[in-house]
>>> print(open('run26.cif').read())   # mmCIF, C-alpha atoms
data_model
loop_
_atom_site.label_atom_id
_atom_site.label_comp_id
_atom_site.auth_asym_id
_atom_site.auth_seq_id
_atom_site.Cartn_x
_atom_site.Cartn_y
_atom_site.Cartn_z
CA MET A 1 0.00 0.00 0.00
CA ASP A 2 1.14 3.53 -0.74
CA PHE A 3 0.42 6.70 1.18
CA LEU A 4 -0.09 9.69 -1.10
CA ALA A 5 -0.05 13.10 0.55
CA PRO A 6 -0.57 15.85 -2.02
CA SER A 7 -0.32 19.41 -0.75
CA THR A 8 -2.26 21.07 -3.57
CA TRP A 9 -5.56 20.33 -5.31
CA ALA A 10 -3.78 19.94 -8.66
CA GLU A 11 -1.46 17.34 -7.14
CA ALA A 12 -4.42 15.55 -5.61
CA LEU A 13 -6.26 15.36 -8.95
CA ALA A 14 -3.09 14.18 -10.70
CA ALA A 15 -2.57 11.51 -8.03
CA LYS A 16 -6.14 10.25 -8.37
CA ALA A 17 -5.82 10.14 -12.16
CA GLU A 18 -2.60 8.18 -11.94
CA ARG A 19 -3.82 5.89 -9.17
CA PRO A 20 -7.49 5.01 -9.65
CA ASP A 21 -6.99 2.44 -6.86
CA ALA A 22 -6.22 5.18 -4.34
CA LEU A 23 -8.85 5.61 -1.63
CA PRO A 24 -9.31 9.27 -0.63
CA VAL A 25 -9.20 9.88 3.12
CA ALA A 26 -10.01 13.09 4.96
CA GLY A 27 -11.19 12.76 8.57
CA GLY A 28 -10.74 8.99 8.46
CA THR A 29 -13.88 8.31 10.46
CA ASP A 30 -15.13 5.83 7.85
CA VAL A 31 -11.95 4.88 5.98
CA MET A 32 -9.84 4.08 9.04
CA VAL A 33 -12.56 1.85 10.51
CA GLU A 34 -12.43 -0.19 7.32
CA MET A 35 -8.62 -0.25 7.50
CA ASN A 36 -8.50 -1.22 11.18
CA PHE A 37 -10.90 -4.11 10.64
CA ASP A 38 -9.22 -5.43 7.47
CA HIS A 39 -12.38 -4.71 5.52
CA ARG A 40 -10.55 -2.76 2.88
CA ARG A 41 -7.05 -2.78 1.48
CA PRO A 42 -6.82 -0.12 -1.24
CA GLY A 43 -3.70 0.15 -3.35
CA ALA A 44 -3.08 3.52 -1.76
CA LEU A 45 -4.51 6.01 0.69
CA LEU A 46 -4.87 9.48 -0.79
CA ASP A 47 -4.66 11.88 2.16
CA LEU A 48 -6.57 15.08 1.42
CA THR A 49 -5.97 16.81 4.75
CA ARG A 50 -3.01 18.81 3.42
CA VAL A 51 -5.01 20.35 0.57
CA ALA A 52 -5.88 23.60 2.33
CA PRO A 53 -8.67 24.89 0.04
CA LEU A 54 -10.76 21.79 0.79
CA GLY A 55 -11.06 23.02 4.37
CA GLU A 56 -12.55 26.38 3.43
CA TRP A 57 -16.08 27.60 2.79
CA ALA A 58 -17.28 30.85 1.24
CA PHE A 59 -20.32 32.48 -0.32
CA ASP A 60 -20.25 31.99 -4.08
CA ASP A 61 -22.94 33.45 -6.33
CA GLY A 62 -25.61 33.33 -3.63
CA ARG A 63 -24.73 29.83 -2.45
CA VAL A 64 -22.43 28.47 0.21
CA ARG A 65 -19.54 26.63 -1.40
CA LEU A 66 -18.61 24.20 1.35
CA GLY A 67 -15.16 22.67 0.80
CA ALA A 68 -15.24 18.89 0.94
CA GLY A 69 -12.85 18.88 3.89
CA VAL A 70 -14.82 21.18 6.21
CA THR A 71 -15.52 19.26 9.41
CA TYR A 72 -18.91 18.81 11.05
CA ALA A 73 -17.60 20.76 14.05
CA ARG A 74 -17.02 23.76 11.81
CA VAL A 75 -20.37 23.43 10.05
CA ILE A 76 -21.97 23.58 13.51
CA ALA A 77 -19.82 26.46 14.79
CA GLU A 78 -19.69 28.61 11.64
CA LEU A 79 -22.79 27.78 9.57
CA GLY A 80 -25.45 27.01 12.17
CA SER A 81 -27.75 29.82 11.08
CA THR A 82 -26.76 29.88 7.39
CA LEU A 83 -27.32 26.17 6.70
CA PRO A 84 -29.65 25.15 9.54
CA GLY A 85 -30.67 21.75 8.18
CA LEU A 86 -27.11 20.60 7.57
CA ALA A 87 -26.04 22.00 10.95
CA MET A 88 -28.83 20.10 12.71
CA ALA A 89 -27.72 16.91 10.98
CA SER A 90 -24.09 17.64 11.83
CA ARG A 91 -24.92 17.93 15.54
CA THR A 92 -26.16 14.33 15.50
CA VAL A 93 -22.95 12.92 14.04
CA GLY A 94 -20.98 10.58 16.33
CA SER A 95 -19.27 12.38 19.17
CA PRO A 96 -17.15 15.52 19.63
CA GLN A 97 -14.06 13.60 18.51
CA ILE A 98 -15.82 12.35 15.38
CA ARG A 99 -17.28 15.77 14.55
CA ASN A 100 -13.78 17.26 14.88
CA ARG A 101 -12.58 15.03 12.04
CA GLY A 102 -15.54 13.89 9.93
CA THR A 103 -16.43 15.91 6.84
CA VAL A 104 -19.44 16.37 4.60
CA GLY A 105 -17.24 15.50 1.63
CA GLY A 106 -16.29 12.24 3.30
CA ASN A 107 -19.95 11.46 3.96
CA LEU A 108 -20.61 11.90 0.22
CA GLY A 109 -17.56 9.83 -0.69
CA ALA A 110 -18.68 6.95 1.50
CA ALA A 111 -22.27 7.36 0.24
CA SER A 112 -23.68 5.19 3.00
CA PRO A 113 -27.49 5.21 3.03
CA ALA A 114 -27.13 6.03 6.74
CA GLY A 115 -24.87 9.08 6.31
CA ASP A 116 -26.28 11.89 8.44
CA SER A 117 -25.68 14.75 6.03
CA HIS A 118 -27.53 13.20 3.08
CA PRO A 119 -31.16 13.91 4.12
CA ALA A 120 -30.26 17.55 4.80
CA LEU A 121 -28.43 17.91 1.48
CA LEU A 122 -31.34 16.34 -0.40
CA ALA A 123 -33.93 18.58 1.26
CA ALA A 124 -31.83 21.66 0.47
CA ASP A 125 -31.26 20.74 -3.21
CA ALA A 126 -27.48 20.72 -2.77
CA VAL A 127 -25.16 20.25 -5.72
CA VAL A 128 -21.95 18.22 -5.49
CA GLU A 129 -18.93 19.74 -7.21
CA VAL A 130 -16.50 17.10 -8.48
CA GLU A 131 -13.36 17.46 -10.52
CA SER A 132 -10.87 15.44 -12.52
CA ALA A 133 -7.56 16.45 -14.02
CA ALA A 134 -8.71 15.34 -17.49
CA ARG A 135 -12.20 16.81 -17.69
CA GLY A 136 -12.30 19.59 -15.16
CA VAL A 137 -15.24 20.48 -12.93
CA ARG A 138 -18.62 18.75 -13.06
CA HIS A 139 -21.72 19.61 -11.00
CA VAL A 140 -23.94 16.75 -9.87
CA PRO A 141 -27.32 17.42 -8.20
CA VAL A 142 -27.12 15.54 -4.92
CA ALA A 143 -30.18 13.42 -5.74
CA ASP A 144 -28.24 12.04 -8.73
CA PHE A 145 -25.05 11.53 -6.72
CA TYR A 146 -26.13 8.41 -4.83
CA THR A 147 -26.16 5.49 -7.26
CA GLY A 148 -26.31 2.43 -5.01
CA VAL A 149 -25.48 1.10 -1.55
CA LYS A 150 -22.24 2.92 -0.71
CA ARG A 151 -21.85 3.88 -4.37
CA ASN A 152 -21.78 7.34 -5.87
CA ALA A 153 -21.51 9.07 -9.23
CA LEU A 154 -17.75 9.70 -9.02
CA GLU A 155 -15.63 8.47 -11.89
CA GLN A 156 -12.39 6.70 -10.95
CA ASP A 157 -10.28 9.79 -11.58
CA GLU A 158 -12.60 12.25 -9.84
CA LEU A 159 -12.49 13.80 -6.37
CA ILE A 160 -15.19 15.73 -4.52
CA SER A 161 -14.10 19.35 -4.24
CA ALA A 162 -17.13 21.00 -2.61
CA VAL A 163 -20.85 21.00 -1.97
CA LEU A 164 -22.94 23.96 -3.12
CA ILE A 165 -25.88 24.75 -0.87
CA ALA A 166 -28.25 27.70 -1.13
CA PRO A 167 -29.08 29.37 2.17
CA PRO A 168 -32.73 28.58 2.85
CA SER A 169 -35.70 30.82 2.13
CA GLY A 170 -37.67 29.02 4.86
CA PRO A 171 -37.31 26.76 7.88
CA GLN A 172 -35.47 23.45 7.77
CA GLN A 173 -35.65 20.42 10.04
CA PHE A 174 -33.69 17.23 10.58
CA CYS A 175 -34.83 14.21 12.59
CA LYS A 176 -32.93 11.04 13.39
CA ILE A 177 -33.88 7.84 15.20
CA GLY A 178 -31.26 5.99 17.22
CA THR A 179 -30.83 4.06 20.43
CA ARG A 180 -29.25 7.00 22.24
CA ASN A 181 -28.16 10.55 21.52
CA ALA A 182 -24.44 10.02 20.96
CA MET A 183 -22.53 7.66 18.69
CA VAL A 184 -25.57 6.53 16.77
CA ILE A 185 -25.73 5.30 13.21
CA ALA A 186 -29.21 6.31 12.17
CA VAL A 187 -31.96 3.70 12.33
CA SER A 188 -33.79 6.15 10.11
CA ALA A 189 -33.52 9.86 9.40
CA PHE A 190 -35.48 12.58 7.68
CA GLY A 191 -34.55 16.00 6.34
CA PHE A 192 -37.16 18.64 5.55
CA ALA A 193 -37.08 22.12 4.01
CA LEU A 194 -39.74 24.67 3.22
CA HIS A 195 -38.88 26.74 0.14
CA PRO A 196 -41.42 29.62 0.30
CA ASP A 197 -39.57 31.53 -2.43
CA ARG A 198 -40.58 28.91 -5.01
CA ARG A 199 -43.49 27.44 -3.08
CA ALA A 200 -41.83 24.06 -2.85
CA VAL A 201 -41.00 21.46 -0.21
CA GLY A 202 -37.70 19.59 0.10
CA THR A 203 -37.32 16.11 1.58
CA GLY A 204 -34.58 13.60 2.26
CA ILE A 205 -34.87 10.06 3.61
CA GLY A 206 -31.92 8.38 5.33
CA SER A 207 -31.29 4.74 6.31
CA ALA A 208 -34.51 3.52 4.74
CA ALA A 209 -33.61 2.66 1.15
CA PRO A 210 -30.52 1.42 -0.73
CA THR A 211 -29.50 5.06 -1.13
CA PRO A 212 -30.46 8.31 0.51
CA ARG A 213 -33.47 9.47 -1.48
CA ARG A 214 -36.17 12.08 -1.74
CA ALA A 215 -39.86 11.60 -1.09
CA THR A 216 -40.78 13.33 -4.33
CA ASP A 217 -44.49 12.59 -4.40
CA ALA A 218 -44.90 13.54 -0.75
CA ALA A 219 -43.13 16.85 -1.32
CA ALA A 220 -45.28 17.65 -4.34
CA PHE A 221 -48.40 16.68 -2.39
CA LEU A 222 -47.62 18.98 0.54
CA ALA A 223 -46.58 21.90 -1.67
CA GLY A 224 -49.76 21.45 -3.73
CA GLU A 225 -52.02 21.36 -0.66
CA LEU A 226 -50.36 24.50 0.72
CA GLU A 227 -50.91 26.17 -2.67
CA ALA A 228 -54.53 25.04 -3.04
CA ALA A 229 -55.47 26.32 0.40
CA GLY A 230 -53.67 29.65 -0.11
CA LEU A 231 -51.44 28.89 2.86
CA TRP A 232 -48.22 30.16 1.30
CA GLU A 233 -49.84 33.63 1.42
CA SER A 234 -51.94 33.36 4.58
CA ARG A 235 -49.50 31.36 6.68
CA ALA A 236 -52.53 30.00 8.48
CA ALA A 237 -52.37 26.82 10.53
CA LEU A 238 -52.03 23.53 8.67
CA PRO A 239 -55.39 21.84 8.07
CA GLU A 240 -56.17 18.90 10.36
CA GLY A 241 -54.49 15.76 9.12
CA LEU A 242 -52.34 17.35 6.42
CA ALA A 243 -49.01 16.77 8.15
CA ALA A 244 -50.01 13.20 9.00
CA GLU A 245 -50.95 12.51 5.39
CA PHE A 246 -47.60 13.97 4.32
CA GLY A 247 -45.94 11.60 6.78
CA ARG A 248 -47.72 8.60 5.27
CA LYS A 249 -46.62 9.63 1.79
CA VAL A 250 -43.02 10.01 2.97
CA ARG A 251 -43.26 6.52 4.43
CA ASP A 252 -44.50 5.22 1.09
CA ALA A 253 -41.38 6.61 -0.61
CA ALA A 254 -39.04 4.47 1.50
CA ALA A 255 -37.82 0.95 0.80
CA PRO A 256 -36.13 -0.17 4.02
CA ILE A 257 -34.76 -3.54 5.06
CA ASP A 258 -34.57 -5.41 8.37
CA ASP A 259 -31.07 -5.24 9.83
CA VAL A 260 -29.26 -5.15 13.17
CA ARG A 261 -30.25 -1.55 13.81
CA GLY A 262 -33.98 -1.94 13.22
CA THR A 263 -36.75 -3.60 11.31
CA ALA A 264 -38.19 -2.35 8.04
CA ALA A 265 -41.57 -1.93 9.72
CA TYR A 266 -40.09 0.24 12.47
CA ARG A 267 -38.22 2.35 9.94
CA LEU A 268 -41.44 2.96 7.99
CA HIS A 269 -43.31 3.90 11.16
CA THR A 270 -40.59 6.27 12.36
CA LEU A 271 -40.41 7.96 8.96
CA SER A 272 -44.12 8.76 8.98
CA VAL A 273 -43.78 10.19 12.50
CA MET A 274 -40.61 12.16 11.78
CA ALA A 275 -42.04 13.60 8.56
CA ARG A 276 -45.25 14.67 10.30
CA ARG A 277 -43.32 16.31 13.12
CA ALA A 278 -40.74 17.96 10.83
CA ALA A 279 -43.45 19.46 8.62
CA THR A 280 -45.37 20.71 11.65
CA TRP A 281 -42.32 22.23 13.33
CA ALA A 282 -41.15 23.89 10.12
CA TRP A 283 -44.59 25.29 9.31
CA ASP A 284 -44.99 26.64 12.84
CA GLU A 285 -41.59 28.34 12.52
CA HIS A 286 -42.63 29.75 9.15
CA ARG A 287 -45.80 31.20 10.74
CA ARG A 288 -43.87 32.73 13.65
CA ALA A 289 -41.42 34.36 11.21
CA ALA A 290 -44.25 36.31 9.53
CA MET B 291 7.38 4.80 5.39
CA ARG B 292 8.94 7.20 7.84
CA ILE B 293 6.98 9.76 9.84
CA GLU B 294 8.11 12.69 11.93
CA LEU B 295 5.84 14.43 14.36
CA THR B 296 5.87 16.31 17.64
CA VAL B 297 4.45 14.43 20.60
CA ASN B 298 4.14 16.06 24.00
CA GLY B 299 6.51 18.79 22.92
CA GLU B 300 9.25 16.46 21.70
CA ARG B 301 10.13 15.64 18.15
CA HIS B 302 9.69 11.95 17.32
CA GLU B 303 10.51 9.87 14.30
CA ALA B 304 9.28 6.41 13.41
CA ASP B 305 10.53 4.16 10.63
CA ASP B 306 8.83 1.28 8.86
CA VAL B 307 5.39 2.70 9.53
CA TRP B 308 2.82 0.75 7.53
CA GLU B 309 0.89 3.06 5.21
CA GLY B 310 -2.47 1.91 6.55
CA GLU B 311 -1.73 1.99 10.26
CA SER B 312 -3.31 4.37 12.71
CA LEU B 313 -1.73 7.14 14.74
CA LEU B 314 -2.78 5.14 17.81
CA TYR B 315 -0.71 2.14 16.70
CA ALA B 316 2.26 4.36 15.93
CA LEU B 317 2.05 6.03 19.35
CA ARG B 318 1.76 2.78 21.28
CA GLU B 319 3.90 0.37 19.31
CA ARG B 320 6.52 2.57 17.67
CA LEU B 321 6.95 5.57 19.98
CA GLY B 322 6.58 3.79 23.31
CA LEU B 323 3.62 5.83 24.48
CA PRO B 324 1.02 3.28 25.64
CA GLY B 325 -1.12 5.78 27.58
CA SER B 326 -3.64 6.09 24.76
CA LYS B 327 -5.66 2.90 24.85
CA ASN B 328 -6.68 0.62 22.01
CA ALA B 329 -10.17 -0.76 22.44
CA CYS B 330 -12.80 -0.43 19.73
CA GLU B 331 -10.67 0.79 16.81
CA GLN B 332 -13.76 2.41 15.32
CA GLY B 333 -14.15 5.72 17.12
CA GLU B 334 -16.88 4.49 19.46
CA CYS B 335 -15.12 4.36 22.82
CA GLY B 336 -12.83 7.40 22.98
CA SER B 337 -10.10 5.50 24.87
CA CYS B 338 -7.53 6.61 22.28
CA THR B 339 -8.41 10.32 22.42
CA VAL B 340 -5.43 12.62 21.88
CA TYR B 341 -5.02 16.22 20.84
CA MET B 342 -3.85 16.70 17.27
CA ASP B 343 -2.99 20.32 16.49
CA GLY B 344 -5.00 21.24 19.59
CA VAL B 345 -8.17 19.36 18.64
CA PRO B 346 -9.31 16.15 20.41
CA VAL B 347 -9.51 13.26 17.98
CA CYS B 348 -9.72 9.49 18.11
CA SER B 349 -6.15 8.52 17.27
CA CYS B 350 -7.39 5.14 15.99
CA LEU B 351 -9.11 6.98 13.13
CA VAL B 352 -6.13 9.13 12.12
CA ALA B 353 -3.80 7.48 9.63
CA ALA B 354 -0.25 7.68 10.96
CA GLY B 355 0.80 9.44 7.76
CA GLN B 356 -1.82 12.12 8.39
CA ALA B 357 0.03 12.99 11.60
CA GLN B 358 3.25 13.74 9.70
CA GLY B 359 4.49 17.11 10.90
CA ARG B 360 1.55 17.55 13.27
CA ASP B 361 1.60 18.40 16.96
CA VAL B 362 0.16 15.63 19.13
CA THR B 363 -0.49 15.66 22.86
CA THR B 364 -1.29 12.37 24.59
CA VAL B 365 -2.33 11.69 28.16
CA GLU B 366 1.39 11.34 28.98
CA GLY B 367 1.77 15.01 28.11
CA LEU B 368 -0.90 16.40 30.45
CA ALA B 369 1.15 16.40 33.67
CA GLY B 370 3.72 19.16 34.09
CA ASP B 371 7.00 19.37 35.97
CA ASP B 372 5.09 20.34 39.10
CA GLY B 373 2.89 17.27 39.10
CA LEU B 374 -0.43 16.09 37.82
CA ASP B 375 -2.68 18.29 35.76
CA PRO B 376 -5.68 19.52 37.83
CA VAL B 377 -7.92 17.24 35.74
CA GLN B 378 -5.80 14.20 36.61
CA GLN B 379 -5.69 15.25 40.27
CA ALA B 380 -9.48 15.56 40.37
CA PHE B 381 -9.94 12.07 38.86
CA VAL B 382 -7.68 10.68 41.61
CA GLU B 383 -9.39 12.57 44.42
CA CYS B 384 -12.90 11.68 43.28
CA GLY B 385 -12.20 7.99 42.67
CA ALA B 386 -13.22 8.43 39.06
CA VAL B 387 -11.00 5.51 38.06
CA GLN B 388 -11.84 1.85 38.42
CA CYS B 389 -10.18 -0.40 35.87
CA GLY B 390 -8.62 2.70 34.37
CA PHE B 391 -8.78 1.68 30.74
CA CYS B 392 -11.02 4.56 29.64
CA THR B 393 -9.30 7.09 31.89
CA PRO B 394 -6.70 8.46 29.44
CA GLY B 395 -9.43 9.31 26.96
CA PHE B 396 -11.63 10.90 29.63
CA LEU B 397 -8.68 12.97 30.85
CA VAL B 398 -7.94 14.38 27.40
CA SER B 399 -11.61 15.07 26.64
CA THR B 400 -12.13 16.72 30.02
CA HIS B 401 -8.94 18.75 29.62
CA ASP B 402 -10.26 20.05 26.30
CA LEU B 403 -13.72 20.79 27.71
CA LEU B 404 -12.36 22.86 30.61
CA ALA B 405 -9.93 24.70 28.33
CA ARG B 406 -12.88 25.82 26.19
CA ASN B 407 -15.47 26.12 28.94
CA PRO B 408 -14.05 26.52 32.48
CA ARG B 409 -17.49 26.29 34.16
CA PRO B 410 -19.50 23.75 32.22
CA SER B 411 -23.04 22.83 33.18
CA ASP B 412 -23.88 19.16 33.70
CA PRO B 413 -25.51 18.86 30.25
CA GLU B 414 -22.40 20.44 28.73
CA ILE B 415 -20.19 17.93 30.55
CA ARG B 416 -22.32 15.05 29.33
CA GLU B 417 -22.23 16.30 25.76
CA ALA B 418 -18.47 16.87 25.83
CA LEU B 419 -17.85 13.36 27.16
CA ALA B 420 -20.41 11.63 24.92
CA GLY B 421 -17.61 10.12 22.85
CA ASN B 422 -15.96 8.39 25.83
CA LEU B 423 -17.30 5.14 27.24
CA CYS B 424 -16.70 3.79 30.75
CA ARG B 425 -17.96 0.31 31.61
CA CYS B 426 -17.07 0.42 35.33
CA THR B 427 -18.02 3.59 37.09
CA GLY B 428 -21.51 4.42 35.93
CA TYR B 429 -20.07 7.88 35.21
CA GLU B 430 -21.17 9.53 38.46
CA LYS B 431 -17.65 9.81 39.87
CA ILE B 432 -16.35 10.92 36.50
CA LEU B 433 -18.90 13.74 36.52
CA ASP B 434 -17.83 14.55 40.10
CA ALA B 435 -14.22 14.71 38.94
CA VAL B 436 -15.01 17.06 36.08
CA ARG B 437 -16.95 19.37 38.40
CA THR B 438 -14.09 19.23 40.90
CA ALA B 439 -11.50 20.01 38.25
CA ALA B 440 -13.61 22.92 37.07
CA HIS B 441 -13.47 24.43 40.56
CA SER B 442 -9.80 23.70 41.25
#
>>> encode(input="run26.cif", output="structure tokens")
Amino acid sequence: MDFLAPSTWAEALAAKAERPDALPVAGGTDVMVEMNFDHRRPGALLDLTRVAPLGEWAFDDGRVRLGAGVTYARVIAELGSTLPGLAMASRTVGSPQIRNRGTVGGNLGAASPAGDSHPALLAADAVVEVESAARGVRHVPVADFYTGVKRNALEQDELISAVLIAPPSGPQQFCKIGTRNAMVIAVSAFGFALHPDRRAVGTGIGSAAPTPRRATDAAAFLAGELEAAGLWESRAALPEGLAAEFGRKVRDAAAPIDDVRGTAAYRLHTLSVMARRAATWAWDEHRRAA
Amino acid sequence: MRIELTVNGERHEADDVWEGESLLYALRERLGLPGSKNACEQGECGSCTVYMDGVPVCSCLVAAGQAQGRDVTTVEGLAGDDGLDPVQQAFVECGAVQCGFCTPGFLVSTHDLLARNPRPSDPEIREALAGNLCRCTGYEKILDAVRTAAHS
């Protein structure tokens, strides 16, 4: 095994092009577990922690461009009010030690269906910025980024450079089910966003399908009901049963399995509850903000 | 491969480091610093917690090569010339140690908490120590020790 430690982004892209068998590592919170347990023996580790720009974020054309190496701890400390959904998800990651090292870019690289950032990124319509030395930059809508269980849309010579996330026009929520507060891999998770500027609803389901995924029909249903009842203008209370019906439709968008963390039936039940609560909390916040 | 890093204020070098090994392994097996403990190897237990460039991390999840040129402080580096760090002293006085295996990690995490927040509330203590597991004490004496250290 080789250990590649580029100090610039150009060197990192060149290294990945030359060594498609190199496994990128940033915080190591997924990769090193696989190394320690002999689950993975890549031809090389490609250490990205010395590529300084990956650890930076900035506003770029109205969106936050979040470098792939920004840790969860920094998302929480620096972007709590700018990217509330992602910050809420970040607070549920592992423990202080894990949040000090783990990165959103690493979560996308691992592409686990249980990754905590995915539901928030889906609900916020994030875009993943990837790059290769040969073909330059490519933008992938996050919903198209997850292609299978722990598989993503990266080509062999590509690295994740950043995630582009628009600051929200309305409230966001994130809910996660686990056996305790700390150190929990989600049994199920749900991200929710109200987009009043375009009268839309964003959703993201975690740990309840082969990939993180949206609840597209449920989102269209809720946005349509809000439109039909004139609620986007009036900001009146949600009609009786609307949030619960939204929750059922979110549940219907999932395709969970039974595993050691929970049963499929429990995951479906928790999704309907989380979606109902998230929609209710977000709408109440939207009303209070008027 | 060869790595060079600063540990507890001293420059260290290690040869024949395997490219996939962890900082924890390098500390314990190559640099003779067995204070950081190896238990879960997956970031669950916090027994291997060290500072790297001033930030508490699970050293089992840092590749040794990632520590090249970095500044690491282990539990061995907490005590000064004039004796135990106040956090260590409080753990002794409060009986916050039983088998002792988790203690190095708790000491580093507590040291970091009190450096950032000298008067933490109980919920803040619990949150700061959420990444450290103890299977002996039931945590009550550990919480006592943290409160004691905060007032020492």
>>> interface_residues(input="run26.cif", of="chain A", to="chain B", cutoff="6 Å", atoms="only C-alpha atoms", output="list in words")
Asp2, Phe3, Gly28, Thr29, Met32, Val33, Ser95, Gln97 and Ala182 of chain A
>>> resolve_selection(input="run26.cif", expression="the PyMOL selection byres ((chain B and resi 368) around 10)", output="PyMOL selection string")
chain B and resi 298+363-367+369-370+373-378+394+397-398+401
>>> resolve_selection(input="run26.cif", expression="the PyMOL selection byres ((chain B and resi 295) around 7)", output="MDAnalysis selection string")
chainID B and resid 293:294 296:297 301:303 357:361
>>> resolve_selection(input="run26.cif", expression="the PyMOL selection byres ((chain B and resi 406) around 12)", output="tab-separated table (two decimals) with C-alpha atoms, in the frame of the given file")
chain	number	residue	atom	x	y	z
B	344	GLY	CA	-5.00	21.24	19.59
B	345	VAL	CA	-8.17	19.36	18.64
B	346	PRO	CA	-9.31	16.15	20.41
B	399	SER	CA	-11.61	15.07	26.64
B	400	THR	CA	-12.13	16.72	30.02
B	401	HIS	CA	-8.94	18.75	29.62
B	402	ASP	CA	-10.26	20.05	26.30
B	403	LEU	CA	-13.72	20.79	27.71
B	404	LEU	CA	-12.36	22.86	30.61
B	405	ALA	CA	-9.93	24.70	28.33
B	407	ASN	CA	-15.47	26.12	28.94
B	408	PRO	CA	-14.05	26.52	32.48
B	409	ARG	CA	-17.49	26.29	34.16
B	410	PRO	CA	-19.50	23.75	32.22
B	414	GLU	CA	-22.40	20.44	28.73
B	415	ILE	CA	-20.19	17.93	30.55
B	418	ALA	CA	-18.47	16.87	25.83
B	440	ALA	CA	-13.61	22.92	37.07
>>> residues_around(input="run26.cif", residues="region 99-102 of chain A", least_positions_apart="5", cutoff="6 Å", atoms="all atoms listed in the file", output="list in words")
Gly27, Thr29, Thr71, Tyr72 and Ala73 of chain A
>>> residues_around(input="run26.cif", residues="Arg261 (chain A)", least_positions_apart="3", cutoff="12 Å", atoms="all atoms listed in the file", output="PDB file with C-alpha atoms, in the coordinates of the input")
ATOM      1  CA  ALA A 114     -27.130   6.030   6.740  1.00  0.00           C
ATOM      2  CA  ILE A 177     -33.880   7.840  15.200  1.00  0.00           C
ATOM      3  CA  GLY A 178     -31.260   5.990  17.220  1.00  0.00           C
ATOM      4  CA  THR A 179     -30.830   4.060  20.430  1.00  0.00           C
ATOM      5  CA  VAL A 184     -25.570   6.530  16.770  1.00  0.00           C
ATOM      6  CA  ILE A 185     -25.730   5.300  13.210  1.00  0.00           C
ATOM      7  CA  ALA A 186     -29.210   6.310  12.170  1.00  0.00           C
ATOM      8  CA  VAL A 187     -31.960   3.700  12.330  1.00  0.00           C
ATOM      9  CA  SER A 188     -33.790   6.150  10.110  1.00  0.00           C
ATOM     10  CA  SER A 207     -31.290   4.740   6.310  1.00  0.00           C
ATOM     11  CA  ALA A 208     -34.510   3.520   4.740  1.00  0.00           C
ATOM     12  CA  PRO A 256     -36.130  -0.170   4.020  1.00  0.00           C
ATOM     13  CA  ILE A 257     -34.760  -3.540   5.060  1.00  0.00           C
ATOM     14  CA  ASP A 258     -34.570  -5.410   8.370  1.00  0.00           C
ATOM     15  CA  ALA A 264     -38.190  -2.350   8.040  1.00  0.00           C
ATOM     16  CA  TYR A 266     -40.090   0.240  12.470  1.00  0.00           C
ATOM     17  CA  ARG A 267     -38.220   2.350   9.940  1.00  0.00           C
TER      18      ARG A 267
END
>>> residues_near_point(input="run26.cif", point="(-34.0, 13.7, 4.9)", cutoff="10 Å", atoms="only C-alpha atoms", output="number ranges by chain")
A: 85, 89, 116-124, 173-176, 188-193, 202-207, 212-215, 250, 271, 274-275, 278
>>> write_last_selection(input="run26.cif", atoms="C-alpha atoms", output="short mmCIF file (atom, residue, chain, number, x, y, z; two decimals), in the frame of the given file")
data_model
loop_
_atom_site.label_atom_id
_atom_site.label_comp_id
_atom_site.auth_asym_id
_atom_site.auth_seq_id
_atom_site.Cartn_x
_atom_site.Cartn_y
_atom_site.Cartn_z
CA GLY A 85 -30.67 21.75 8.18
CA ALA A 89 -27.72 16.91 10.98
CA ASP A 116 -26.28 11.89 8.44
CA SER A 117 -25.68 14.75 6.03
CA HIS A 118 -27.53 13.20 3.08
CA PRO A 119 -31.16 13.91 4.12
CA ALA A 120 -30.26 17.55 4.80
CA LEU A 121 -28.43 17.91 1.48
CA LEU A 122 -31.34 16.34 -0.40
CA ALA A 123 -33.93 18.58 1.26
CA ALA A 124 -31.83 21.66 0.47
CA GLN A 173 -35.65 20.42 10.04
CA PHE A 174 -33.69 17.23 10.58
CA CYS A 175 -34.83 14.21 12.59
CA LYS A 176 -32.93 11.04 13.39
CA SER A 188 -33.79 6.15 10.11
CA ALA A 189 -33.52 9.86 9.40
CA PHE A 190 -35.48 12.58 7.68
CA GLY A 191 -34.55 16.00 6.34
CA PHE A 192 -37.16 18.64 5.55
CA ALA A 193 -37.08 22.12 4.01
CA GLY A 202 -37.70 19.59 0.10
CA THR A 203 -37.32 16.11 1.58
CA GLY A 204 -34.58 13.60 2.26
CA ILE A 205 -34.87 10.06 3.61
CA GLY A 206 -31.92 8.38 5.33
CA SER A 207 -31.29 4.74 6.31
CA PRO A 212 -30.46 8.31 0.51
CA ARG A 213 -33.47 9.47 -1.48
CA ARG A 214 -36.17 12.08 -1.74
CA ALA A 215 -39.86 11.60 -1.09
CA VAL A 250 -43.02 10.01 2.97
CA LEU A 271 -40.41 7.96 8.96
CA MET A 274 -40.61 12.16 11.78
CA ALA A 275 -42.04 13.60 8.56
CA ALA A 278 -40.74 17.96 10.83
#
